[in-house]
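S.K.: Before I ask anything, here is the structure I am working with.
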Amino acid sequence: MTVDTAPAEVEVPNTAERRFSQSMVVSGTRCLLTYLVFPYLLPVLGLADSVGPAISVPIGLVAIVFNGLSIRRFWRADHRLKWPVSTVNVLVIGLLCYLTVRDLVELAG
């Protein structure tokens with residue numbers, strides 16, 4: 001008796017691709033908030049400049065986790081695009097780490 005494994009094979013890469021998309025959305029949201037909403041919209045509303053870094057640090061940490069999960073999912077699925085996707089994720093994680101440290105320094109100062 002044979003078991004059809006085609007649905008599972010299709011499901012894992014789709015899940016990996018969905019995880020990658022989620023991580024890019026979270027990272028993009030962090031950048032959108034940090035570079036558009038916080039510097040331009042919050043001052044118009046009369047909110048302090050320190051609100052931006054205080055909010056972007058947790059968002060950045062969540063984005064780093066999502067990118068890490070994306071890498072893990074692609075490798076576990078042995079997805080054909082695991083190397084290019086991992087490269088993009090690692091670059092985004094590096095940028096997010098830099099930005100998070102910069103925000104922490106700004107909050108401390």
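All residue names refer to the structure tokens as shown: chains lettered A, B, ... in order, residues numbered from 1 in each chain, ligands numbered from 1 in order.
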Could you name the residues that touch A:Cys97 at 8 Å or less, counting only C-alpha atoms, but leaving out those on the same chain fewer than 3 positions away, as a list of chain:residue names?
M.R.: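 Close residues of A:Cys97: A:Gly60, A:Ile64, A:Ile93, A:Gly94, A:Thr100, A:Val101.
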S.K.: Can you tell me which residues surround A:Val65 at a distance of at most 12 Å, considering only C-alpha atoms, apart from same-chain residues fewer than 3 positions away, and format the answer as a ChimeraX atom specification?
M.R.: /A:19-20,22-24,26-27,58-62,68-72,89-90,92-93,96-97
S.K.: Using only C-alpha atoms, which residues sit within 12 Å of A:Arg80 once same-chain residues fewer than 2 positions away are excluded, as a PyMOL selection string?
M.R.: chain A and resi 12-14+16-17+74-78+82-86
S.K.: For the residues selected in the previous step, produce a file with C-alpha atoms as a PDB file, in the first residue's frame.
M.R.:
ATOM      1  CA  VAL A  12       5.813  22.546   3.452  1.00  0.00           C
ATOM      2  CA  PRO A  13       7.239  24.815   0.716  1.00  0.00           C
ATOM      3  CA  ASN A  14       4.036  26.889   0.797  1.00  0.00           C
ATOM      4  CA  ALA A  16       8.059  28.219   4.132  1.00  0.00           C
ATOM      5  CA  GLU A  17       7.142  30.820   1.529  1.00  0.00           C
ATOM      6  CA  PHE A  74      13.073  26.952   4.383  1.00  0.00           C
ATOM      7  CA  TRP A  75      15.910  24.689   5.526  1.00  0.00           C
ATOM      8  CA  ARG A  76      13.610  22.157   7.167  1.00  0.00           C
ATOM      9  CA  ALA A  77      11.553  22.003   3.975  1.00  0.00           C
ATOM     10  CA  ASP A  78      14.744  21.689   1.902  1.00  0.00           C
ATOM     11  CA  LYS A  82      16.696  28.164   0.681  1.00  0.00           C
ATOM     12  CA  TRP A  83      20.050  29.805  -0.102  1.00  0.00           C
ATOM     13  CA  PRO A  84      18.727  33.023  -1.705  1.00  0.00           C
ATOM     14  CA  VAL A  85      15.967  33.383   0.897  1.00  0.00           C
ATOM     15  CA  SER A  86      18.402  32.740   3.739  1.00  0.00           C
TER      16      SER A  86
END
S.K.: Do you have the atom CA of A:Glu106-atom CA of A:Val37 distance handy?
M.R.: 17.4 Å
S.K.: Smallest atom-to-atom distance to A:Gly52: which of A:Leu104, A:Gly109, A:Gly28, A:Leu81, using only C-alpha atoms?
M.R.: A:Leu104
S.K.: So the first atom is atom CA of A:Thr87 and the second is atom CA of A:Ser56; what is the distance between them in Å, to one decimal place?
M.R.: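 We find that atom CA of A:Thr87 and atom CA of A:Ser56 lie 23.3 Å from each other.
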S.K.: In Å, how far is it from atom CA of A:Tyr35 to atom CA of A:Val51?
M.R.: 12.8 Å
S.K.: Check chain A with DSSP on the backbone and list each residue it calls alpha helix (DSSP H), as JSON, numbers by chain.
M.R.: {"A": [6, 7, 8, 9, 10, 11, 12, 13, 14, 15, 16, 17, 18, 19, 20, 21, 22, 23, 24, 25, 26, 27, 28, 29, 30, 31, 32, 42, 43, 44, 51, 52, 53, 54, 55, 56, 57, 58, 59, 60, 61, 62, 63, 64, 65, 66, 67, 68, 69, 70, 71, 72, 73, 74, 75, 76, 82, 83, 84, 85, 86, 87, 88, 89, 90, 91, 92, 93, 94, 95, 96, 97, 98, 99, 100, 101, 102, 103, 104, 105, 106, 107, 108]}
